[in-house]
>>> print(open('protein-v9.txt').read())   # compact mmCIF, C-alpha atoms and all ligand atoms
# COMPACT_ATOMS: atom_id res chain seq x y z
CA MET Z 270 9.91 -1.14 -14.98
CA ARG Z 271 13.01 0.92 -15.73
CA HIS Z 272 13.04 3.34 -12.78
CA LEU Z 273 11.18 3.66 -9.48
CA LEU Z 274 10.36 7.36 -9.25
CA ASP Z 275 6.91 7.64 -7.72
CA THR Z 276 3.86 5.59 -6.87
CA ASP Z 277 1.38 7.45 -9.11
CA THR Z 278 2.64 5.63 -12.15
CA LEU Z 279 2.81 2.16 -10.55
CA THR Z 280 0.02 -0.12 -11.76
CA ARG Z 281 -1.74 -2.41 -9.31
CA ASP Z 282 0.01 -5.42 -10.88
CA GLU Z 283 3.44 -3.79 -10.62
CA ALA Z 284 2.85 -2.81 -6.99
CA ILE Z 285 1.71 -6.32 -6.09
CA ARG Z 286 4.70 -7.78 -7.93
CA ILE Z 287 7.05 -5.67 -5.80
CA LEU Z 288 5.24 -6.73 -2.59
CA ASP Z 289 5.43 -10.40 -3.63
CA ALA Z 290 9.14 -10.12 -4.44
CA SER Z 291 9.61 -8.39 -1.07
CA ALA Z 292 8.00 -11.36 0.68
CA GLN Z 293 10.46 -13.67 -1.08
CA MET Z 294 13.34 -11.43 -0.07
CA ALA Z 295 12.10 -11.28 3.53
CA ALA Z 296 12.07 -15.10 3.58
CA THR Z 297 15.71 -15.22 2.45
CA GLN Z 298 16.58 -12.87 5.32
CA GLU Z 299 15.43 -15.45 7.86
CA ARG Z 300 18.02 -17.95 6.65
CA GLU Z 301 21.38 -18.29 8.30
CA MET Z 302 23.14 -17.21 5.11
CA ARG Z 303 21.41 -13.97 4.23
CA LYS Z 304 23.55 -12.91 1.31
CA LEU Z 305 22.38 -13.74 -2.23
CA PRO Z 306 24.67 -13.69 -5.27
CA THR Z 307 22.00 -12.07 -7.47
CA LEU Z 308 23.60 -8.68 -8.21
CA ARG Z 309 27.24 -9.72 -8.21
CA GLY Z 310 29.20 -7.39 -10.50
CA LYS Z 311 26.58 -4.61 -10.41
CA THR Z 312 27.30 -1.21 -8.92
CA VAL Z 313 24.71 0.67 -6.88
CA VAL Z 314 25.41 4.29 -5.97
CA ASN Z 315 23.68 5.92 -3.00
CA LEU Z 316 23.53 9.60 -3.92
CA PHE Z 317 22.32 11.55 -0.88
CA PHE Z 318 21.95 15.33 -1.05
CA GLU Z 319 19.97 15.39 2.19
CA ASP Z 320 20.66 13.92 5.62
CA SER Z 321 19.34 10.45 6.16
CA THR Z 322 20.12 7.58 8.45
CA ARG Z 323 17.70 4.75 8.05
CA THR Z 324 16.93 5.11 4.36
CA ARG Z 325 20.59 5.26 3.38
CA ILE Z 326 21.68 2.32 5.51
CA SER Z 327 18.61 0.39 4.45
CA PHE Z 328 19.50 0.76 0.76
CA GLU Z 329 23.11 -0.05 1.55
CA ALA Z 330 22.14 -3.21 3.43
CA ALA Z 331 19.75 -4.22 0.63
CA ALA Z 332 22.36 -3.81 -2.11
CA LYS Z 333 25.02 -5.64 -0.09
CA ARG Z 334 22.73 -8.56 0.74
CA LEU Z 335 22.30 -8.95 -3.03
CA SER Z 336 26.12 -8.86 -3.46
CA ALA Z 337 26.21 -5.59 -5.41
CA ASP Z 338 29.11 -3.18 -5.01
CA VAL Z 339 27.92 -0.08 -3.15
CA ILE Z 340 29.30 3.42 -3.44
CA ASN Z 341 28.03 6.00 -0.97
CA PHE Z 342 28.10 9.53 -2.26
CA SER Z 343 26.84 12.08 0.26
CA ALA Z 344 26.63 15.83 -0.10
CA LYS Z 345 28.58 16.51 3.08
CA GLY Z 346 32.30 16.16 2.54
CA SER Z 347 32.06 15.80 -1.25
CA SER Z 348 32.09 18.12 -4.23
CA LEU Z 349 28.29 18.16 -4.04
CA SER Z 350 28.66 20.62 -1.18
CA LYS Z 351 30.86 22.76 -3.43
CA GLY Z 352 27.87 23.35 -5.68
CA GLU Z 353 28.50 20.73 -8.36
CA SER Z 354 25.43 20.45 -10.55
CA LEU Z 355 23.24 17.37 -10.78
CA LYS Z 356 24.38 17.06 -14.39
CA ASP Z 357 28.08 16.93 -13.58
CA THR Z 358 27.41 14.49 -10.76
CA ALA Z 359 25.43 12.28 -13.13
CA LEU Z 360 28.20 12.35 -15.73
CA THR Z 361 30.65 11.25 -13.03
CA LEU Z 362 28.36 8.40 -11.97
CA GLN Z 363 28.03 7.31 -15.58
CA ALA Z 364 31.81 7.32 -15.95
CA MET Z 365 32.07 5.15 -12.81
CA GLY Z 366 29.69 2.61 -14.34
CA ALA Z 367 26.73 2.99 -11.95
CA ASP Z 368 24.07 0.40 -12.79
CA ALA Z 369 21.60 1.95 -10.37
CA VAL Z 370 21.48 5.25 -8.56
CA VAL Z 371 19.47 5.70 -5.39
CA ILE Z 372 18.90 9.42 -5.03
CA ARG Z 373 17.66 11.52 -2.14
CA HIS Z 374 17.41 15.21 -2.89
CA TRP Z 375 15.88 18.30 -1.29
CA ALA Z 376 14.30 19.35 -4.60
CA SER Z 377 11.00 17.82 -5.66
CA GLY Z 378 11.47 16.32 -9.12
CA ALA Z 379 15.23 15.68 -8.82
CA ALA Z 380 14.87 11.91 -9.28
CA SER Z 381 12.84 12.21 -12.47
CA ARG Z 382 15.22 14.87 -13.75
CA LEU Z 383 18.09 12.42 -13.31
CA ALA Z 384 16.15 9.56 -14.90
CA GLY Z 385 14.93 11.58 -17.88
CA SER Z 386 18.11 13.50 -18.55
CA GLY Z 387 20.09 11.09 -20.67
CA TRP Z 388 23.15 12.08 -18.61
CA MET Z 389 23.48 8.53 -17.34
CA HIS Z 390 22.04 5.17 -18.28
CA GLY Z 391 21.56 3.46 -14.91
CA HIS Z 392 18.25 2.75 -13.21
CA VAL Z 393 17.08 5.47 -10.85
CA ILE Z 394 15.34 4.87 -7.51
CA ASN Z 395 13.83 7.86 -5.77
CA ALA Z 396 14.71 7.72 -2.06
CA GLY Z 397 12.84 10.95 -1.29
CA ASP Z 398 12.66 14.15 -3.36
CA GLY Z 399 11.68 17.31 -1.49
CA THR Z 400 8.06 17.21 -0.41
CA HIS Z 401 7.09 15.07 -3.40
CA GLN Z 402 7.54 11.28 -3.15
CA HIS Z 403 9.34 8.47 -1.33
CA PRO Z 404 8.09 5.36 -3.11
CA THR Z 405 10.08 2.65 -1.28
CA GLN Z 406 8.75 3.99 2.04
CA ALA Z 407 5.16 3.60 0.81
CA LEU Z 408 5.94 0.11 -0.50
CA LEU Z 409 7.44 -0.98 2.82
CA ASP Z 410 4.44 0.48 4.63
CA ALA Z 411 2.08 -1.43 2.31
CA PHE Z 412 4.14 -4.58 2.78
CA THR Z 413 3.95 -4.22 6.58
CA MET Z 414 0.19 -3.62 6.47
CA ARG Z 415 -0.36 -6.57 4.13
CA ARG Z 416 1.52 -8.87 6.50
CA HIS Z 417 -0.48 -7.85 9.53
CA LEU Z 418 -3.91 -7.11 8.13
CA VAL Z 419 -4.35 -9.33 5.07
CA ASP Z 420 -1.74 -12.04 4.57
CA ASP Z 421 1.45 -12.46 2.67
CA SER Z 422 0.28 -14.79 -0.06
CA ALA Z 423 1.31 -13.77 -3.53
CA GLY Z 424 -1.14 -11.59 -5.37
CA LYS Z 425 -2.81 -10.01 -2.35
CA ALA Z 426 -3.51 -6.27 -2.20
CA LEU Z 427 -5.04 -4.14 0.57
CA ASP Z 428 -8.67 -4.21 -0.50
CA GLY Z 429 -11.04 -3.25 2.30
CA VAL Z 430 -8.30 -2.08 4.68
CA THR Z 431 -8.85 1.38 6.25
CA VAL Z 432 -5.69 3.43 6.77
CA ALA Z 433 -5.60 6.76 8.61
CA ILE Z 434 -2.67 9.03 7.72
CA VAL Z 435 -2.24 11.66 10.41
CA GLY Z 436 -0.33 14.92 10.54
CA ASP Z 437 1.84 17.00 8.28
CA ILE Z 438 0.42 15.83 4.94
CA LEU Z 439 1.48 19.04 3.20
CA HIS Z 440 5.23 18.56 3.67
CA SER Z 441 5.33 14.77 3.76
CA ARG Z 442 6.67 12.82 0.80
CA VAL Z 443 5.72 9.72 2.78
CA ALA Z 444 2.06 10.78 2.54
CA GLY Z 445 2.67 11.82 -1.08
CA SER Z 446 3.66 8.26 -1.94
CA ASN Z 447 1.31 6.43 0.40
CA ILE Z 448 -1.93 8.05 -0.70
CA PRO Z 449 -1.71 6.99 -4.38
CA LEU Z 450 -0.27 3.56 -3.59
CA LEU Z 451 -2.93 2.76 -0.99
CA ARG Z 452 -5.67 3.80 -3.42
CA THR Z 453 -4.12 1.65 -6.16
CA LEU Z 454 -4.04 -1.31 -3.76
CA GLY Z 455 -7.72 -0.87 -2.86
CA ALA Z 456 -7.39 0.56 0.66
CA LYS Z 457 -9.66 3.25 2.02
CA VAL Z 458 -7.63 6.33 2.97
CA VAL Z 459 -8.58 8.66 5.82
CA VAL Z 460 -6.52 11.84 6.06
CA VAL Z 461 -6.29 13.64 9.41
CA ALA Z 462 -4.59 17.06 9.61
CA PRO Z 463 -5.05 20.69 10.50
CA PRO Z 464 -6.36 22.58 7.43
CA THR Z 465 -3.03 24.45 7.25
CA LEU Z 466 -1.14 21.18 6.72
CA LEU Z 467 -3.33 19.84 3.91
CA PRO Z 468 -2.31 20.29 0.26
CA TYR Z 469 -4.54 22.59 -1.75
CA GLY Z 470 -7.53 20.76 -3.22
CA MET Z 471 -7.32 17.67 -1.02
CA THR Z 472 -10.64 18.34 0.70
CA ASP Z 473 -12.36 18.25 -2.72
CA ARG Z 474 -11.20 14.73 -3.52
CA ASP Z 475 -13.99 12.22 -3.31
CA ASP Z 476 -11.66 9.23 -2.95
CA LEU Z 477 -10.35 10.42 0.46
CA ASP Z 478 -12.06 11.14 3.78
CA VAL Z 479 -10.65 14.20 5.52
CA HIS Z 480 -10.93 14.91 9.28
CA TYR Z 481 -9.60 17.83 11.30
CA THR Z 482 -9.06 15.99 14.58
CA LEU Z 483 -7.86 12.47 15.30
CA ASP Z 484 -10.80 11.90 17.66
CA ASP Z 485 -13.28 12.59 14.82
CA ALA Z 486 -11.51 10.09 12.58
CA ILE Z 487 -11.48 7.40 15.31
CA GLU Z 488 -15.18 8.00 15.88
CA ALA Z 489 -16.11 7.86 12.20
CA HIS Z 490 -14.05 4.86 10.99
CA ASP Z 491 -12.90 1.39 11.98
CA ILE Z 492 -9.23 2.17 11.51
CA ASP Z 493 -7.07 -0.88 10.71
CA ALA Z 494 -3.77 0.98 10.49
CA VAL Z 495 -2.84 4.42 11.73
CA MET Z 496 0.19 6.05 10.13
CA MET Z 497 1.65 8.91 12.13
CA LEU Z 498 3.76 11.44 10.23
CA ARG Z 499 6.66 13.41 11.60
CA VAL Z 500 5.96 17.11 12.00
CA GLN Z 501 8.48 18.39 9.45
CA ARG Z 502 9.65 21.53 11.20
CA GLU Z 503 12.58 21.97 8.83
CA ARG Z 504 10.14 22.38 5.93
CA MET Z 505 7.84 24.86 7.66
CA THR Z 506 9.43 27.89 6.11
CA GLY Z 507 6.84 29.53 3.83
CA GLY Z 508 4.28 30.28 6.55
CA GLY Z 509 6.79 30.92 9.33
CA SER Z 510 5.89 28.85 12.35
CA GLY Z 511 2.18 29.55 11.88
CA PHE Z 512 1.07 26.11 10.68
CA PHE Z 513 -0.39 25.30 14.10
CA PRO Z 514 -0.76 27.37 17.27
CA SER Z 515 1.61 25.42 19.54
CA PRO Z 516 3.15 21.95 19.92
CA GLU Z 517 0.78 21.30 22.85
CA GLU Z 518 -2.24 22.14 20.71
CA TYR Z 519 -0.97 19.87 17.92
CA THR Z 520 -0.52 16.98 20.35
CA ARG Z 521 -3.97 17.57 21.84
CA LEU Z 522 -5.72 17.35 18.45
CA PHE Z 523 -3.47 15.08 16.39
CA GLY Z 524 -1.16 13.18 18.74
CA LEU Z 525 -1.52 9.43 19.09
CA ASP Z 526 -1.51 8.30 22.73
CA GLY Z 527 -2.54 5.15 24.57
CA ASP Z 528 -6.07 6.37 25.13
CA ARG Z 529 -6.73 7.05 21.44
CA LEU Z 530 -5.13 3.75 20.50
CA ARG Z 531 -7.50 1.90 22.86
CA ARG Z 532 -10.45 3.52 21.09
CA MET Z 533 -9.41 1.95 17.77
CA PRO Z 534 -10.22 -1.68 16.89
CA ASP Z 535 -8.11 -4.20 18.85
CA HIS Z 536 -6.24 -5.35 15.76
CA ALA Z 537 -5.26 -1.82 14.65
CA ILE Z 538 -1.53 -1.33 14.04
CA VAL Z 539 0.60 1.81 14.43
CA LEU Z 540 3.11 2.92 11.80
CA HIS Z 541 5.62 5.79 11.70
CA PRO Z 542 8.34 6.23 9.04
CA GLY Z 543 10.81 7.65 11.57
CA PRO Z 544 12.46 9.67 12.84
CA MET Z 545 9.80 10.18 15.53
CA ASN Z 546 9.19 13.29 17.58
CA ARG Z 547 8.21 11.42 20.72
CA GLY Z 548 5.80 13.49 22.79
CA LEU Z 549 4.69 15.56 19.78
CA GLU Z 550 2.93 13.40 17.17
CA ILE Z 551 3.20 10.15 19.14
CA SER Z 552 3.46 9.29 22.83
CA ALA Z 553 5.98 6.78 24.17
CA GLU Z 554 3.10 4.51 25.16
CA ALA Z 555 1.78 4.36 21.57
CA ALA Z 556 5.23 4.12 19.97
CA ASP Z 557 6.30 1.24 22.22
CA SER Z 558 2.95 -0.55 22.39
CA PRO Z 559 2.62 -4.16 21.19
CA ARG Z 560 0.48 -2.79 18.37
CA SER Z 561 3.32 -0.64 17.09
CA VAL Z 562 5.07 -2.06 14.00
CA ILE Z 563 7.55 0.81 13.77
CA VAL Z 564 10.65 -1.31 14.32
CA GLU Z 565 9.37 -3.96 11.93
CA GLN Z 566 8.93 -1.27 9.26
CA VAL Z 567 12.71 -0.81 9.37
CA SER Z 568 13.49 -4.49 8.76
CA ASN Z 569 10.79 -4.76 6.11
CA GLY Z 570 12.42 -1.76 4.44
CA VAL Z 571 15.51 -3.81 3.66
CA ALA Z 572 13.44 -6.59 2.04
CA VAL Z 573 11.41 -4.12 -0.04
CA ARG Z 574 14.56 -2.32 -1.23
CA MET Z 575 16.16 -5.65 -2.11
CA ALA Z 576 13.05 -6.41 -4.18
CA ALA Z 577 13.16 -3.04 -5.92
CA LEU Z 578 16.86 -3.36 -6.78
CA TYR Z 579 16.37 -6.94 -7.87
CA LEU Z 580 13.39 -6.20 -10.14
CA LEU Z 581 15.16 -3.25 -11.76
CA LEU Z 582 18.57 -4.83 -12.15
CA ALA Z 583 18.17 -8.56 -12.45
CA GLY Z 584 15.03 -9.02 -14.48
CA GLU Z 585 12.20 -11.17 -13.40
CA GLU Z 586 13.41 -14.61 -12.35
CA ALA Z 587 12.69 -15.57 -8.74
CA PRO Z 588 15.61 -15.38 -6.30
CA GLN Z 589 17.48 -18.64 -5.56
C1 LIG C 601 10.99 10.10 6.00
C2 LIG C 601 11.64 11.01 4.97
O1 LIG C 601 12.82 11.28 5.02
O2 LIG C 601 10.89 11.44 4.11
N1 LIG C 601 11.89 9.36 6.75
C3 LIG C 601 12.48 8.27 6.24
O3 LIG C 601 12.60 8.06 5.07
N2 LIG C 601 12.87 7.36 7.14
C4 LIG C 601 10.03 10.78 6.84
C5 LIG C 601 10.48 11.94 7.65
O4 LIG C 601 11.58 12.44 7.54
O5 LIG C 601 9.62 12.38 8.44
>>> encode(input="protein-v9.txt", output="C-alpha cells", more="lines below")
Ligand code: NCD
Amino acid sequence: MRHLLDTDTLTRDEAIRILDASAQMAATQEREMRKLPTLRGKTVVNLFFEDSTRTRISFEAAAKRLSADVINFSAKGSSLSKGESLKDTALTLQAMGADAVVIRHWASGAASRLAGSGWMHGHVINAGDGTHQHPTQALLDAFTMRRHLVDDSAGKALDGVTVAIVGDILHSRVAGSNIPLLRTLGAKVVVVAPPTLLPYGMTDRDDLDVHYTLDDAIEAHDIDAVMMLRVQRERMTGGGSGFFPSPEEYTRLFGLDGDRLRRMPDHAIVLHPGPMNRGLEISAEAADSPRSVIVEQVSNGVAVRMAALYLLLAGEEAPQ
C-alpha cells in the first residue's frame, strides 16, 4: 500500500491487516511508556484546508507517539489562504522532505490529485476530501465495531454484523467510506435517510437496504451498531435549506433517542464521528448512554492512524 486515499480500493486482506495493526497499536497505548521509536527521523505533514479538531489532533498524536516529526500546515494563517495552489504547496512540502502528507480538503478528489500528481514523493493519507471519502474514520469505526461485536483477534472481519447508517448520507464522506469498507468486511449495511439526502442511484443497489424512517429500520432489522451522521448544514447549499422540512421533523423521523435505542437489541452500540448536533440527530440520553462508544471512537482513532502511518512508512514488521 503506497497511499490511503479511499476504502473502495482496499482489499479485504488489506483492511483486516490495518485493523490487526491497530489492535497492536492500541495495546502499546495501554503501557506506561506510550511512545514508540518506529518513525524516528520521518516527517509527517498535516495539511488541513478545512477546519478540523479531532482528526487533526488525532493524526498529530498518532505521528508523535511513533516518534515522527510533525509539521502542521493549516489554511488559516498560512499562504494557503492567499490562494496558493495545491501544486505549489506540494512542491514546498517536497522541498521540506515530507515523508507522509495527511490532507484534508474541501474538494472531493484533492487527496488523489496530490498522490497522483508527481509533485511530491511522500505517502498521502486522505483525512477527508469534500463529500467523497474519509478512510481512517471508516477504519476506526470498523475497529470499534470489531472490538465490541466480534472480537479483536487477528484476522477477524465483520461478517454477519448489521450496521445502520442514519442521516445525511448525501453529504457525508464518513458514509462514503463506511459503506464500501463495511461491505468489504462482510457486514450488512442498512441506510436510513430522507430521500433528499440519499445519493442518486443508492435505492437501486441490491447490496444495501434503504429505509426512510429510523423506526422502519429498527422494526425490520436486528441492528448491532447504529451510526448516526452529523447533519452537514454547511454543505447544504445546492438545494437551499430544502433537504428536510424542519429540524423538528428531522429529529422526529431520524433522530436517535433513548426510546429508539431501547427498541434495538440489548447489545447494540451507538457510534457518531463527531462533532455531534445534540438534540438534532442524537439526544443527550443516547449520546451519553452506556451503549454509546462515541468517546472510545476518538481514542481508537489514534491507534488506527498510528497503524496507517506505520504500515505506509515503516513497512510490515510488527511494532516492538
Ligand atoms: C467528520 C468529517 O469531518 O467528515 N468528522 C470527523 O472527521 N471527526 C464528520 C463530520 O464532520 O460530520
>>> residues_near_ligand(input="protein-v9.txt", ligand="ligand LIG 601 (chain C)", cutoff="10 Å", atoms="all atoms listed in the file", output="VMD selection string")
chain Z and resid 319 to 325 327 373 to 375 396 to 407 437 440 to 446 497 to 503 541 to 546 566 to 567 570
>>> atom_distance(input="protein-v9.txt", atom1="CA of Val432 in chain Z", atom2="CA of Tyr481 in chain Z")
15.6 Å
>>> closest_atom_pairs(input="protein-v9.txt", of="range 456-499 of chain Z", to="range 418-426 of chain Z", cutoff="9 Å", atoms="only C-alpha atoms", output="tab-separated table")
residue	atom	partner	partner_atom	distance
Z:Ala456	CA	Z:Ala426	CA	8.4
Z:Asp493	CA	Z:Leu418	CA	7.4
Z:Ala494	CA	Z:Leu418	CA	8.4
>>> closest_atom_pairs(input="protein-v9.txt", of="range 422-457 of chain Z", to="range 273-284 of chain Z", cutoff="7 Å", atoms="all atoms listed in the file", output="tab-separated table")
residue	atom	partner	partner_atom	distance
Z:Ser446	CA	Z:Thr276	CA	5.6
Z:Pro449	CA	Z:Asp277	CA	5.7
Z:Leu450	CA	Z:Thr276	CA	5.7
Z:Thr453	CA	Z:Arg281	CA	5.7
Z:Leu454	CA	Z:Arg281	CA	6.1
>>> residues_around(input="protein-v9.txt", residues="range 560-562 of chain Z", least_positions_apart="2", cutoff="10 Å", atoms="only C-alpha atoms", output="list in words")
Asp410, Thr413, Met414, His417, Ala494, Val495, Leu530, Asp535, His536, Ala537, Ile538, Val539, Leu540, His541, Glu554, Ala555, Ala556, Asp557, Ser558, Val564, Glu565, Gln566 and Val567 of chain Z
>>> write_last_selection(input="protein-v9.txt", atoms="C-alpha atoms", output="PDB file, keeping the file's coordinate frame")
ATOM      1  CA  ASP Z 410       4.440   0.480   4.630  1.00  0.00           C
ATOM      2  CA  THR Z 413       3.950  -4.220   6.580  1.00  0.00           C
ATOM      3  CA  MET Z 414       0.190  -3.620   6.470  1.00  0.00           C
ATOM      4  CA  HIS Z 417      -0.480  -7.850   9.530  1.00  0.00           C
ATOM      5  CA  ALA Z 494      -3.770   0.980  10.490  1.00  0.00           C
ATOM      6  CA  VAL Z 495      -2.840   4.420  11.730  1.00  0.00           C
ATOM      7  CA  LEU Z 530      -5.130   3.750  20.500  1.00  0.00           C
ATOM      8  CA  ASP Z 535      -8.110  -4.200  18.850  1.00  0.00           C
ATOM      9  CA  HIS Z 536      -6.240  -5.350  15.760  1.00  0.00           C
ATOM     10  CA  ALA Z 537      -5.260  -1.820  14.650  1.00  0.00           C
ATOM     11  CA  ILE Z 538      -1.530  -1.330  14.040  1.00  0.00           C
ATOM     12  CA  VAL Z 539       0.600   1.810  14.430  1.00  0.00           C
ATOM     13  CA  LEU Z 540       3.110   2.920  11.800  1.00  0.00           C
ATOM     14  CA  HIS Z 541       5.620   5.790  11.700  1.00  0.00           C
ATOM     15  CA  GLU Z 554       3.100   4.510  25.160  1.00  0.00           C
ATOM     16  CA  ALA Z 555       1.780   4.360  21.570  1.00  0.00           C
ATOM     17  CA  ALA Z 556       5.230   4.120  19.970  1.00  0.00           C
ATOM     18  CA  ASP Z 557       6.300   1.240  22.220  1.00  0.00           C
ATOM     19  CA  SER Z 558       2.950  -0.550  22.390  1.00  0.00           C
ATOM     20  CA  VAL Z 564      10.650  -1.310  14.320  1.00  0.00           C
ATOM     21  CA  GLU Z 565       9.370  -3.960  11.930  1.00  0.00           C
ATOM     22  CA  GLN Z 566       8.930  -1.270   9.260  1.00  0.00           C
ATOM     23  CA  VAL Z 567      12.710  -0.810   9.370  1.00  0.00           C
TER      24      VAL Z 567
END
>>> closest_residue(input="protein-v9.txt", among="Z:Gly366, Z:Gly470, Z:Pro463, Z:Gly385", to="Thr520 in chain Z", atoms="all atoms listed in the file")
Z:Pro463
>>> closest_residue(input="protein-v9.txt", among="Z:Leu522, Z:Ile372, Z:Val435, Z:Leu308", to="Ala344 in chain Z", atoms="all atoms listed in the file")
Z:Ile372
>>> atom_distance(input="protein-v9.txt", atom1="CA of Ala296 in chain Z", atom2="CA of Val393 in chain Z")
25.6 Å
>>> closest_residue(input="protein-v9.txt", among="Z:Met365, Z:Ala576, Z:Leu305, Z:Ala376", to="Gln293 in chain Z", atoms="only C-alpha atoms")
Z:Ala576
>>> closest_residue(input="protein-v9.txt", among="Z:Leu580, Z:Lys457, Z:Ala380, Z:Asn447", to="Asp428 in chain Z", atoms="only C-alpha atoms")
Z:Lys457
